[in-house]
Structure formats: C-alpha cells, structure tokens
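A.B. asks: Got model_6.cif for you, mmCIF, C-alpha atoms:
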```
data_data
#
loop_
_atom_site.label_atom_id
_atom_site.label_comp_id
_atom_site.auth_asym_id
_atom_site.auth_seq_id
_atom_site.Cartn_x
_atom_site.Cartn_y
_atom_site.Cartn_z
CA MET A 981 -1.52 30.69 -8.05
CA ALA A 982 -4.39 32.19 -10.02
CA VAL A 983 -7.79 31.17 -8.67
CA ARG A 984 -8.78 29.49 -11.95
CA HIS A 985 -5.60 27.41 -11.89
CA PHE A 986 -6.22 26.40 -8.27
CA PHE A 987 -9.64 25.08 -9.22
CA MET A 988 -8.10 23.40 -12.25
CA VAL A 989 -5.71 21.52 -9.95
CA LEU A 990 -8.61 20.44 -7.75
CA MET A 991 -10.52 19.30 -10.83
CA VAL A 992 -7.59 17.17 -12.02
CA VAL A 993 -7.06 15.39 -8.69
CA SER A 994 -10.83 14.90 -8.41
CA ILE A 995 -10.90 13.30 -11.88
CA TRP A 996 -8.10 10.93 -10.86
CA ALA A 997 -9.80 10.11 -7.56
CA PHE A 998 -13.16 9.41 -9.20
CA ASN A 999 -11.39 7.16 -11.69
CA ASN A 1000 -11.16 4.58 -8.90
CA VAL A 1001 -14.96 4.67 -8.59
CA ALA A 1002 -15.35 4.39 -12.38
CA VAL A 1003 -13.01 1.39 -12.47
CA LYS A 1004 -14.96 -0.33 -9.69
CA TRP A 1005 -18.16 0.19 -11.69
CA GLY A 1006 -16.49 -1.21 -14.79
CA LEU A 1007 -15.28 -4.27 -12.87
CA LEU A 1008 -18.86 -5.12 -11.94
CA GLU A 1009 -19.50 -6.01 -15.59
CA LEU A 1010 -16.11 -6.67 -17.23
CA PRO A 1011 -13.01 -8.79 -16.41
CA PRO A 1012 -10.14 -6.59 -15.10
CA LEU A 1013 -7.55 -7.31 -17.82
CA PHE A 1014 -10.15 -6.90 -20.55
CA LEU A 1015 -11.26 -3.60 -18.99
CA THR A 1016 -7.63 -2.45 -19.05
CA TRP A 1017 -7.31 -3.58 -22.67
CA MET A 1018 -10.40 -1.62 -23.69
CA ARG A 1019 -9.04 1.47 -21.95
CA PHE A 1020 -5.81 1.26 -23.95
CA VAL A 1021 -7.68 0.66 -27.21
CA VAL A 1022 -9.76 3.84 -26.71
CA VAL A 1023 -6.73 5.96 -25.74
CA ALA A 1024 -4.72 4.66 -28.72
CA ILE A 1025 -7.55 5.36 -31.18
CA VAL A 1026 -7.90 8.95 -29.92
CA LEU A 1027 -4.20 9.89 -29.64
CA VAL A 1028 -1.96 7.79 -31.90
CA PRO A 1029 -3.17 9.24 -35.25
CA PHE A 1030 -2.00 12.67 -34.06
CA CYS A 1031 1.29 11.65 -32.43
CA ARG A 1032 4.54 10.72 -34.14
CA ILE A 1033 7.53 8.94 -32.65
CA THR A 1034 11.12 8.34 -33.71
CA ARG A 1035 12.98 5.06 -34.05
CA GLU A 1036 15.11 6.10 -31.07
CA GLN A 1037 12.02 6.46 -28.85
CA LEU A 1038 10.45 3.11 -29.79
CA PRO A 1039 12.52 0.76 -27.53
CA TRP A 1040 11.78 2.96 -24.51
CA LEU A 1041 8.07 3.01 -25.33
CA LEU A 1042 8.02 -0.78 -25.69
CA THR A 1043 9.57 -1.13 -22.24
CA LEU A 1044 7.07 1.34 -20.78
CA ALA A 1045 4.22 -0.57 -22.43
CA PHE A 1046 5.14 -3.47 -20.13
CA THR A 1047 6.12 -1.62 -16.92
CA PHE A 1048 3.44 1.08 -17.07
CA GLY A 1049 0.80 -0.49 -19.28
CA PHE A 1050 0.86 -4.04 -17.93
CA MET A 1051 2.57 -3.92 -14.51
CA HIS A 1052 0.96 -0.71 -13.28
CA PHE A 1053 -2.47 -0.46 -14.91
CA SER A 1054 -3.33 -4.13 -15.43
CA LEU A 1055 -2.27 -5.19 -11.94
CA LEU A 1056 -4.06 -2.17 -10.45
CA PHE A 1057 -7.32 -3.18 -12.12
CA VAL A 1058 -6.86 -6.82 -11.05
CA GLY A 1059 -6.13 -5.79 -7.46
CA MET A 1060 -9.09 -3.43 -7.33
CA ARG A 1061 -11.42 -6.28 -8.24
CA TYR A 1062 -10.76 -7.72 -4.77
CA THR A 1063 -10.56 -4.54 -2.69
CA ASP A 1064 -12.34 -1.20 -2.51
CA ALA A 1065 -11.60 1.98 -4.43
CA GLY A 1066 -9.95 3.85 -1.55
CA THR A 1067 -7.68 1.02 -0.46
CA GLY A 1068 -6.39 0.51 -4.00
CA ALA A 1069 -5.64 4.23 -4.37
CA ILE A 1070 -3.82 4.34 -1.03
CA VAL A 1071 -1.51 1.39 -1.73
CA VAL A 1072 -0.64 2.56 -5.25
CA GLN A 1073 0.28 5.98 -3.81
CA LEU A 1074 3.32 4.14 -2.43
CA GLY A 1075 4.71 4.28 -5.97
CA THR A 1076 6.09 7.75 -5.22
CA PRO A 1077 8.39 6.80 -2.30
CA ILE A 1078 9.35 3.57 -4.10
CA ALA A 1079 10.42 5.67 -7.10
CA MET A 1080 12.55 7.83 -4.79
CA LEU A 1081 14.28 4.74 -3.36
CA LEU A 1082 14.92 3.38 -6.86
CA ALA A 1083 16.37 6.73 -7.90
CA MET A 1084 18.75 6.53 -4.93
CA LEU A 1085 19.80 2.95 -5.71
CA VAL A 1086 19.87 3.02 -9.53
CA LEU A 1087 20.43 6.65 -10.49
CA LYS A 1088 22.59 7.44 -7.42
CA GLU A 1089 20.36 10.38 -6.47
CA LYS A 1090 20.86 11.51 -2.89
CA LEU A 1091 18.00 11.46 -0.38
CA ARG A 1092 17.98 13.62 2.73
CA LEU A 1093 17.34 12.08 6.13
CA VAL A 1094 13.89 13.67 6.31
CA GLN A 1095 12.98 12.07 2.97
CA LEU A 1096 14.07 8.64 4.20
CA PHE A 1097 11.98 9.20 7.31
CA GLY A 1098 8.96 10.04 5.15
CA ILE A 1099 9.45 6.88 3.09
CA ALA A 1100 9.62 4.81 6.30
CA VAL A 1101 6.36 6.39 7.50
CA SER A 1102 4.69 5.52 4.16
CA LEU A 1103 5.83 1.90 4.40
CA SER A 1104 4.52 1.67 7.95
CA GLY A 1105 1.16 2.87 6.64
CA VAL A 1106 0.98 -0.07 4.22
CA ALA A 1107 1.89 -2.43 7.07
CA VAL A 1108 -1.05 -1.06 9.08
CA LEU A 1109 -3.34 -1.19 6.04
CA SER A 1110 -2.51 -4.87 5.53
CA GLY A 1111 -4.57 -5.63 8.63
CA SER A 1112 -7.68 -4.04 7.17
CA PRO A 1113 -10.59 -6.33 6.19
CA THR A 1114 -10.74 -4.38 2.90
CA ILE A 1115 -7.65 -6.40 1.87
CA PRO A 1116 -9.01 -9.97 1.89
CA ALA A 1117 -5.70 -11.79 1.29
CA TRP A 1118 -1.96 -11.16 1.27
CA TRP A 1119 -1.72 -11.74 -2.48
CA VAL A 1120 -4.14 -8.86 -3.15
CA LEU A 1121 -1.78 -6.52 -1.31
CA CYS A 1122 1.14 -7.99 -3.30
CA ILE A 1123 -0.64 -7.31 -6.60
CA LEU A 1124 -1.27 -3.68 -5.62
CA LEU A 1125 2.34 -3.27 -4.44
CA CYS A 1126 3.55 -4.68 -7.78
CA SER A 1127 1.35 -2.09 -9.49
CA ALA A 1128 2.99 0.65 -7.42
CA PHE A 1129 6.41 -0.84 -8.24
CA GLY A 1130 5.54 -0.78 -11.96
CA TRP A 1131 4.72 2.92 -11.69
CA ALA A 1132 8.02 3.57 -9.89
CA ILE A 1133 10.09 1.65 -12.48
CA SER A 1134 8.33 3.54 -15.26
CA ASN A 1135 9.46 6.82 -13.73
CA MET A 1136 13.07 5.64 -13.86
CA ILE A 1137 12.68 4.68 -17.52
CA VAL A 1138 11.14 8.05 -18.42
CA LYS A 1139 14.05 9.82 -16.70
CA LYS A 1140 16.59 7.93 -18.81
CA SER A 1141 14.63 7.97 -22.09
CA PRO A 1142 14.95 10.59 -24.85
CA PRO A 1143 12.41 13.44 -24.63
CA ILE A 1144 8.86 12.35 -25.50
CA LYS A 1145 5.84 14.67 -25.42
CA PRO A 1146 3.34 13.71 -22.67
CA LEU A 1147 0.36 12.94 -24.92
CA THR A 1148 2.62 11.06 -27.34
CA LEU A 1149 3.86 9.03 -24.38
CA THR A 1150 0.29 8.28 -23.25
CA GLY A 1151 -0.94 7.36 -26.73
CA TRP A 1152 1.92 5.11 -27.77
CA ILE A 1153 2.23 3.32 -24.43
CA SER A 1154 -1.47 2.51 -24.80
CA PHE A 1155 -1.03 1.35 -28.40
CA LEU A 1156 1.97 -0.87 -27.62
CA ALA A 1157 0.32 -2.26 -24.46
CA VAL A 1158 -2.74 -3.46 -26.43
CA PRO A 1159 -1.16 -6.78 -27.56
CA ILE A 1160 0.51 -7.40 -24.17
CA VAL A 1161 -2.63 -6.87 -22.10
CA GLY A 1162 -4.77 -8.54 -24.78
CA ALA A 1163 -2.66 -11.69 -24.61
CA ALA A 1164 -2.84 -11.74 -20.80
CA SER A 1165 -6.62 -11.38 -20.94
CA TRP A 1166 -6.94 -14.13 -23.58
CA LEU A 1167 -4.84 -16.53 -21.46
CA THR A 1168 -6.47 -15.91 -18.08
CA GLU A 1169 -10.03 -14.68 -18.74
CA SER A 1170 -13.01 -15.95 -20.69
CA GLN A 1171 -16.14 -14.63 -22.44
CA GLN A 1172 -14.74 -11.10 -22.57
CA PHE A 1173 -16.65 -9.95 -25.64
CA TYR A 1174 -19.81 -11.60 -24.37
CA ALA A 1175 -19.43 -9.53 -21.21
CA LEU A 1176 -18.82 -6.41 -23.31
CA SER A 1177 -21.91 -7.02 -25.46
CA HIS A 1178 -24.03 -7.36 -22.31
CA ALA A 1179 -22.37 -4.50 -20.40
CA GLY A 1180 -24.60 -1.73 -19.12
CA TRP A 1181 -23.77 1.89 -18.47
CA ARG A 1182 -21.37 1.04 -15.63
CA GLY A 1183 -19.12 -1.08 -17.83
CA TRP A 1184 -18.96 1.48 -20.63
CA PHE A 1185 -18.60 4.36 -18.19
CA GLY A 1186 -15.62 2.60 -16.60
CA ILE A 1187 -13.95 2.23 -20.01
CA LEU A 1188 -14.63 5.73 -21.34
CA TYR A 1189 -14.03 7.64 -18.12
CA SER A 1190 -10.74 5.85 -17.47
CA ALA A 1191 -9.57 6.43 -21.04
CA LEU A 1192 -10.86 9.90 -21.87
CA ALA A 1193 -11.21 11.74 -18.56
CA SER A 1194 -8.41 10.20 -16.50
CA SER A 1195 -5.80 9.46 -19.19
CA ILE A 1196 -6.31 12.28 -21.67
CA VAL A 1197 -8.15 15.26 -20.13
CA ALA A 1198 -6.61 15.15 -16.64
CA TYR A 1199 -3.03 14.60 -17.82
CA THR A 1200 -3.33 17.34 -20.45
CA LEU A 1201 -4.44 19.85 -17.80
CA TRP A 1202 -1.81 18.61 -15.33
CA TYR A 1203 1.09 19.08 -17.74
CA ALA A 1204 -0.24 22.53 -18.70
CA LEU A 1205 -0.14 23.51 -15.02
CA LEU A 1206 3.38 22.13 -14.60
CA LYS A 1207 4.52 24.44 -17.41
CA LYS A 1208 3.12 27.48 -15.57
CA TYR A 1209 4.14 26.79 -11.99
CA ASN A 1210 6.99 25.42 -9.91
CA VAL A 1211 6.84 21.62 -9.65
CA ASN A 1212 7.15 21.82 -5.86
CA LEU A 1213 4.01 23.95 -5.77
CA ILE A 1214 1.91 21.61 -7.95
CA MET A 1215 3.01 18.09 -7.03
CA PRO A 1216 1.82 18.11 -3.38
CA TYR A 1217 -1.76 18.48 -4.61
CA SER A 1218 -1.54 14.98 -6.11
CA LEU A 1219 -1.51 13.68 -2.51
CA LEU A 1220 -5.19 14.64 -2.35
CA THR A 1221 -6.00 11.86 -4.85
CA PRO A 1222 -6.05 8.88 -2.43
CA VAL A 1223 -7.83 10.98 0.21
CA LEU A 1224 -10.58 11.96 -2.23
CA ALA A 1225 -10.71 8.37 -3.54
CA VAL A 1226 -11.45 7.11 -0.03
CA LEU A 1227 -14.18 9.72 0.48
CA MET A 1228 -15.73 9.06 -2.94
CA GLY A 1229 -15.62 5.32 -2.32
CA VAL A 1230 -17.54 5.79 0.92
CA LEU A 1231 -20.08 8.28 -0.50
CA VAL A 1232 -20.66 6.77 -3.95
CA LEU A 1233 -19.94 3.05 -3.55
CA GLY A 1234 -20.78 2.66 0.13
CA ASP A 1235 -17.27 1.45 1.02
CA SER A 1236 -16.65 0.79 4.69
CA MET A 1237 -14.29 2.69 6.97
CA ASN A 1238 -12.26 1.10 9.75
CA SER A 1239 -9.38 2.07 12.02
CA PHE A 1240 -6.80 0.17 9.91
CA LYS A 1241 -7.87 2.02 6.78
CA ILE A 1242 -7.96 5.47 8.41
CA LEU A 1243 -4.59 5.09 10.17
CA GLY A 1244 -2.92 3.37 7.19
CA ALA A 1245 -4.14 6.01 4.74
CA SER A 1246 -2.99 8.81 7.05
CA LEU A 1247 0.50 7.32 7.38
CA VAL A 1248 0.90 6.70 3.63
CA VAL A 1249 -0.19 10.23 2.68
CA LEU A 1250 1.75 11.90 5.51
CA GLY A 1251 4.92 9.93 4.79
CA THR A 1252 4.72 10.66 1.06
CA ALA A 1253 4.17 14.36 1.81
CA ILE A 1254 7.24 14.44 4.07
CA ALA A 1255 9.29 12.71 1.37
CA VAL A 1256 8.28 14.80 -1.65
CA ILE A 1257 7.46 18.31 -0.42
CA ASN A 1258 10.46 20.64 -0.49
CA LEU A 1259 9.55 23.21 2.15
CA ARG A 1260 12.53 25.42 1.30
CA ASN A 1261 11.40 25.74 -2.32
CA LEU A 1262 7.81 26.41 -1.23
CA ARG A 1263 8.98 29.22 1.07
CA MET A 1264 11.13 30.70 -1.70
CA HIS A 1265 8.19 30.49 -4.10
CA ALA A 1266 6.01 32.32 -1.56
CA ARG A 1267 8.62 35.06 -1.01
CA PHE A 1268 9.41 35.55 -4.68
CA PRO A 1269 6.27 34.72 -6.66
CA ARG A 1270 6.33 34.40 -10.44
CA LEU A 1271 6.14 37.86 -11.99
CA ARG A 1272 2.97 38.44 -13.98
CA ARG A 1273 3.04 40.16 -17.34
CA ARG A 1274 1.16 43.44 -17.37
#
```
Would you encode the structure as structure tokens?

C.D. replies:
Amino acid sequence: MAVRHFFMVLMVVSIWAFNNVAVKWGLLELPPLFLTWMRFVVVAIVLVPFCRITREQLPWLLTLAFTFGFMHFSLLFVGMRYTDAGTGAIVVQLGTPIAMLLAMLVLKEKLRLVQLFGIAVSLSGVAVLSGSPTIPAWWVLCILLCSAFGWAISNMIVKKSPPIKPLTLTGWISFLAVPIVGAASWLTESQQFYALSHAGWRGWFGILYSALASSIVAYTLWYALLKKYNVNLIMPYSLLTPVLAVLMGVLVLGDSMNSFKILGASLVVLGTAIAVINLRNLRMHARFPRLRRR
C-alpha cells in the first residue's frame, strides 16, 4: 500500500472513531432522535440534488431507510445517550459477526470453523461488557445490540438489492429516513427546536461532523480505497475504529476505564478479526502485490 493511502485509511477510521465523541457532545444539548434527524437532513440536502435513483431501486432504499436509518443510527444515538462513546462503539462493532451469521442463515453462505470461533469470541466479549458500570441497565445493551442488528440486516439488503452507487445510497437513505426518524422524535421527544435554537457549538458540531465528516467525507475516501486495493487488505483496518473510540473517549471526554470494558473490548475486536480476516488472501496479496503502472 502506498504511504499516502495508508495514512488515508488511518484518517478514515479516526474520523469514524471521533464521530462517537462528536455524537456525545451533540447529545449534551439535543435529544437523540432529533440529533439523528438533523444528521439525515444535512446529508440529504448535500447529496440528493446530485444523485438520481431508478424506480427499481426505490423499494430497497425505503427498506434501508428503516433498517439502516432508524434501526441502526437512531438506536445507536439513543443508546449512546446512556453509555460512553467507547462502549457504544464496541457493542455496535458486533454488527459484523451478526451479519456473517445472517448471511449463513438467510443467504446460505458457508462459514469456516475458525470464523464461527471468532463470532463466539465476539459474543463472549459482549457478555463480559454487560457487567461494566458503563452500561447502566440491560435495556441500554439491548438498544445497542438492536442497532448492531440493524446494521447487519442492512448488509443483507444491500447484497440482494440492485447496484446503487455508495453516495447515492447514503443520500437517499438519509432523505427517506427523515420522515421516519422525524415521526419517532415527534412522538417520544419534546421541545426539539427549542433545544436546537439554544444549542451551542457542541450541538451543532455533533450534527455537522456526523453528517459531513463521518457520512460523506469518510465514506467517499473509504470506497475510493476499496477500488484500489483488495478488500481483505482494507477491511481489517476498520477494526481500529472501536479501539480508537475508546481511547478518544478517555482522552477527550474523560470516560472511565475498567476491567470489564478492557476485556470485553479486546474479545469483541479479537473475535471480529478472527472472523473477517482472510489470512490466505493477505499472504497471497503480500506475495503477489498489485503491479504499478510505470
């Protein structure tokens, strides 16, 4: 990998990790569902005017607006209101092994024994993490697990859907999620626009960073890298996201560390790495690197 691309990968995972800090700042001043709604509004305004979809793509995008827009993002923001940035990032990382299990059950994709072992290790990490004081109640863990499940289901839908360009997917999911998340906020929250009118820099930073940096800039760079390099070479770097989120939470927000959190995070990340990293492909990529044009 070219040095500039290596640093680009690190920048992307750092943007995603710091998004957890930005969201926590936003939640200090705004209700979680309303914060999610504002994120989608900003992303839709920036992307939708430049992205076109077909009638065939619309039903899939509507489904993703619920599973990815509401289940994943909305429940993540709600769960993070009651826990710290690192814990939220760790639990949602479980979306990757859950997606692999769903692919085995629904799409009949085969999993090797080592992958099943990795998934079991990840699940044990969440069991350990459930004992951490950073998760104040069982229902907070359930909300975060539902968020991870929403991410996993969304991956299944994308696999079965007709081809949709990444930024088009991001923009139209945001646009179609606006009424869903808006209705949920209207039914369960109050004085949202009053909170917005009195929000300081933290509230607005949470909205704009989550929408522009995390959703648009980071994903654009990520998909550009996936076009240049083998997926098995790029994807393992995403495992740095929860690790960096924990460190940033401690350094920036003053989040606490405890043995449950350290051991649980280690098991989740290690198990996910065992499940997703194809060592054979990595060795082949190292032996036969991509030829460079002279």

A.B. asks: For atom CA of Asp1064 of chain A and atom CA of Met1228 of chain A, quote the distance in Å rounded to one decimal.

C.D. replies: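 Calculated distance between atom CA of Asp1064 of chain A and atom CA of Met1228 of chain A is 10.8 Å.
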
A.B. asks: Run the PyMOL selection byres ((chain A and resi 1219) around 12) mentally over the shown coordinates, then write out the matched residues as a compact mmCIF listing (two decimals) with C-alpha atoms, in the frame of the given file, using the chain letters and numbers from the document.

C.D. replies:
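Contents of out-v7.txt, as written:
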```
# COMPACT_ATOMS: atom_id res chain seq x y z
CA VAL A 989 -5.71 21.52 -9.95
CA LEU A 990 -8.61 20.44 -7.75
CA VAL A 992 -7.59 17.17 -12.02
CA VAL A 993 -7.06 15.39 -8.69
CA SER A 994 -10.83 14.90 -8.41
CA TRP A 996 -8.10 10.93 -10.86
CA ALA A 997 -9.80 10.11 -7.56
CA ALA A 1069 -5.64 4.23 -4.37
CA ILE A 1070 -3.82 4.34 -1.03
CA VAL A 1072 -0.64 2.56 -5.25
CA GLN A 1073 0.28 5.98 -3.81
CA LEU A 1074 3.32 4.14 -2.43
CA GLY A 1075 4.71 4.28 -5.97
CA THR A 1076 6.09 7.75 -5.22
CA ILE A 1214 1.91 21.61 -7.95
CA MET A 1215 3.01 18.09 -7.03
CA PRO A 1216 1.82 18.11 -3.38
CA TYR A 1217 -1.76 18.48 -4.61
CA SER A 1218 -1.54 14.98 -6.11
CA LEU A 1220 -5.19 14.64 -2.35
CA THR A 1221 -6.00 11.86 -4.85
CA PRO A 1222 -6.05 8.88 -2.43
CA VAL A 1223 -7.83 10.98 0.21
CA LEU A 1224 -10.58 11.96 -2.23
CA ALA A 1225 -10.71 8.37 -3.54
CA ALA A 1245 -4.14 6.01 4.74
CA SER A 1246 -2.99 8.81 7.05
CA LEU A 1247 0.50 7.32 7.38
CA VAL A 1248 0.90 6.70 3.63
CA VAL A 1249 -0.19 10.23 2.68
CA LEU A 1250 1.75 11.90 5.51
CA GLY A 1251 4.92 9.93 4.79
CA THR A 1252 4.72 10.66 1.06
CA ALA A 1253 4.17 14.36 1.81
CA ILE A 1254 7.24 14.44 4.07
CA ALA A 1255 9.29 12.71 1.37
CA VAL A 1256 8.28 14.80 -1.65
CA ILE A 1257 7.46 18.31 -0.42
```

A.B. asks: Could you check which of A:Cys1031, A:Leu1038, A:Leu1233, A:Leu1087 is closest to Lys1139 of chain A, using all atoms listed in the file?

C.D. replies: A:Leu1087

A.B. asks: Nearest to Pro1116 of chain A: which of A:Leu1231, A:Thr1067, A:Val1028, A:Tyr1189 is it, counting all atoms listed in the file?

C.D. replies: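 Under the stated criterion, the closest residue is A:Thr1067.
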
A.B. asks: Expressed in Å to a single decimal, how great is the separation between atom CA of Tyr1199 of chain A and atom CA of Ile1025 of chain A?

C.D. replies: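 Going from atom CA of Tyr1199 of chain A over to atom CA of Ile1025 of chain A covers 16.9 Å.
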
A.B. asks: Please compute the atom CA of Thr1150 of chain A-atom CA of Leu1041 of chain A distance, one decimal, in Å.

C.D. replies: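 Taking atom CA of Thr1150 of chain A as the start and atom CA of Leu1041 of chain A as the end point, the length is 9.6 Å.
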
A.B. asks: Residues at most 10 Å from Ile1137 of chain A, counting only C-alpha atoms, excluding those fewer than 5 positions away in the same chain, as a PyMOL selection string?

C.D. replies: chain A and resi 1040-1041+1043-1044+1047-1048+1132+1142

A.B. asks: Would you translate the PyMOL selection byres ((chain A and resi 1079-1081) around 9) into the concrete set of residues it matches in this file, as a PyMOL selection string?

C.D. replies: chain A and resi 1074-1078+1082-1086+1089+1091+1095-1096+1099+1128-1129+1131-1136+1255-1256

A.B. asks: Would you compute an axis-aligned box for segment 1101-1119 of chain A, covering every atom listed for it in the file with 8 Å of margin on each side, and report centre and edge lengths in Å to one decimal as JSON?

C.D. replies:
```
{"center_x": -2.2, "center_y": -2.7, "center_z": 3.3, "size_x": 33.1, "size_y": 34.2, "size_z": 27.6}
```

A.B. asks: Could you list, as a VMD selection string, every residue matched by the PyMOL selection byres ((chain A and resi 1190) around 10) in this structure?

C.D. replies: chain A and resid 995 to 996 998 to 1003 1006 1015 to 1016 1018 to 1020 1022 to 1023 1184 to 1189 1191 to 1196

A.B. asks: Counting all atoms listed in the file, which of A:Ile1242, A:Val1058, A:Met1237, A:Val1230 gets nearest to Thr1168 of chain A?

C.D. replies: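 Of A:Ile1242, A:Val1058, A:Met1237, A:Val1230, the one nearest Thr1168 of chain A, counting all atoms listed in the file, is A:Val1058.
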